[in-house]
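Following: one structure in structure tokens, then a few remarks.
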Amino acid sequence: MSRSDNDEEAFRNTITDLPHKSSSTTEAHASPKKIPVASPSASILLISPSNRILLLHRVQTSSSFASAHVFPGGHLSPQDGYLPPLEDIRRHEDSEAYRRAAIRECFEESGLLLAKRQDNPSELVELNEQEREEGRKAIHSDSIPFAQWVQKRKGVIDADGLVPFTRWLTPADIPKRFSTQMYLYFLPIDSQLSSKTDKTQMHIPTPDGGVEHTAAQFLYPQEWLDLTLRGDIVLYPPQFFLLHLVSAYLQPSPSNEQFIPTSELQSQRERLLHFVKTDGDPPWSEKCISPNPIKQIEKGKYLIMGMADVGPELEGTGRRGDKERVLRVELMDEIERGRKRPSPQEVVWRRDVFLEESKLKL
């Protein structure tokens, strides 16, 4: 074990007042009933024709992530397909049910329909405004199954267009937990749309009338991160962490030109896909992350959140997270679910955090 591993282990063994303590396999088996069930859910990092990312602003009264900006997504429904039982670890793997749920929820929440035309699979189904809003209401109220509604519009749910991009398990001591499969989805590049705004009606997201969200907008990943750091919006650790990763690939034109060449947009997408599918062991398409505090800074004002844990459901299964990066968060005064809300500040290399501490001790 390295010195940084020893420092981290010593910290974990002595903490008593942090928002979340790591759950060992022994602890999980000793009192499994104390760990709330992780509700299956799915979310999409939806990428616009000009390579921006869609975030939705949740309503203040939401039972989870109130007032935060989130990726479109939500809970799985029986209509989405078969899901293994609670004790089956395959419940926490990418599947057709997660993909259908992600696309259904994306349509409900933003009005963007990720479905291919039956007569031309290279194109997405287009809707007029009336069809779009009537469909959202019908799907949200369970008046008609989503797949059936899409079929009536002569479309096919584009489940194959989703690219797995990490799974997130809420820490074991938080009352409301989720097992969330994240995906990437690339809306088609149109040379006429590759500008500073995405202007076709088909690709303009709209909120759901205040049911769950009050705003929907595409921005570049770094723009979302900057808004968070200025305190203008709220992002939670998963959203901040993933936006940080994709910000290295999805960027505006360095020359600030009105139009970005289609070739450059495609190149950005290809580089991002290569990163997701090949970087790390396991790659980002297979990583499972349950954020866990591993270090206090400035008497608990800041926490270093580790990304290596996988959560109690997947302990000992061979699933792994990211051991190389950590997230520095500030604990805000406002209370969220019985504890101070974590405000992400930066993603840093784990080795640098413990190396700096070792230097200070010398």
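Chain labels run A, B, ... following the order of the structure tokens; each chain numbers its residues from 1, and ligands are numbered from 1 in the order shown.
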
Counting only C-alpha atoms, which residues in stretch 104-189 of chain A sit no more than 7 Å from stretch 66-72 of chain A? For each one, give the nearest pair of atoms and the distance in Å, sorted by chain then residue number, as a Markdown table.
| residue | atom | partner | partner_atom | distance |
| --- | --- | --- | --- | --- |
| A:Glu105 | CA | A:Pro72 | CA | 6.7 |
| A:Cys106 | CA | A:Pro72 | CA | 5.1 |
| A:Glu109 | CA | A:Pro72 | CA | 6.5 |

(request) Using DSSP on the backbone coordinates, identify all residues within stretch 86-246 of chain A classified as strand (DSSP E); present the result as a PyMOL selection string. (result) chain A and resi 115-117+155-157+163-169+177-186+213-219

(message) Residues within 6 Å of stretch 164-174 of chain A, please, as number ranges by chain. Count only C-alpha atoms; anything in the same chain fewer than 3 positions from it doesn't count.
(response) A: 35, 177-183, 284-290, 311

(message) Between atom CA of A:Asn128 and atom CA of A:Asp160, what distance in Å does the model show, to one decimal?
(response) 24.6 Å

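Neighbours of A:Gln217 closer than or equal to 8 Å, with only C-alpha atoms counted and sequence neighbours fewer than 2 positions away skipped, come out as Leu54, Leu55, Leu56, Pro205, Thr206, Ala215 and Leu219 of chain A.
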
Write to file, as an mmCIF file, in the first residue's frame, the residues of the selection just made, with C-alpha atoms.
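Output file again_0.cif follows:
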data_model
loop_
_atom_site.group_PDB
_atom_site.id
_atom_site.type_symbol
_atom_site.label_atom_id
_atom_site.label_comp_id
_atom_site.auth_asym_id
_atom_site.auth_seq_id
_atom_site.Cartn_x
_atom_site.Cartn_y
_atom_site.Cartn_z
ATOM 1 C CA LEU A 54 -28.503 19.997 -22.217
ATOM 2 C CA LEU A 55 -29.270 20.693 -18.567
ATOM 3 C CA LEU A 56 -32.694 21.128 -16.968
ATOM 4 C CA PRO A 205 -35.583 21.901 -25.610
ATOM 5 C CA THR A 206 -38.484 23.177 -23.536
ATOM 6 C CA ALA A 215 -35.935 25.772 -17.729
ATOM 7 C CA LEU A 219 -24.501 25.249 -23.175
#

(request) Fewer than 6 positions away in the same chain doesn't count, so skip those; otherwise give me all residues within 7 Å of stretch 318-327 of chain A, counting only C-alpha atoms, as a VMD selection string. (result) chain A and resid 282 287 to 289 304 to 310 344 346 to 350

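The coordinates place atom CA of A:Ser141 at 24.7 Å from atom CA of A:Leu45.
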
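For the choices A:Arg90, A:Val329, A:Ile47, A:Phe107, the atom-to-atom distance to A:Gly73 is smallest for A:Phe107 when using only C-alpha atoms.
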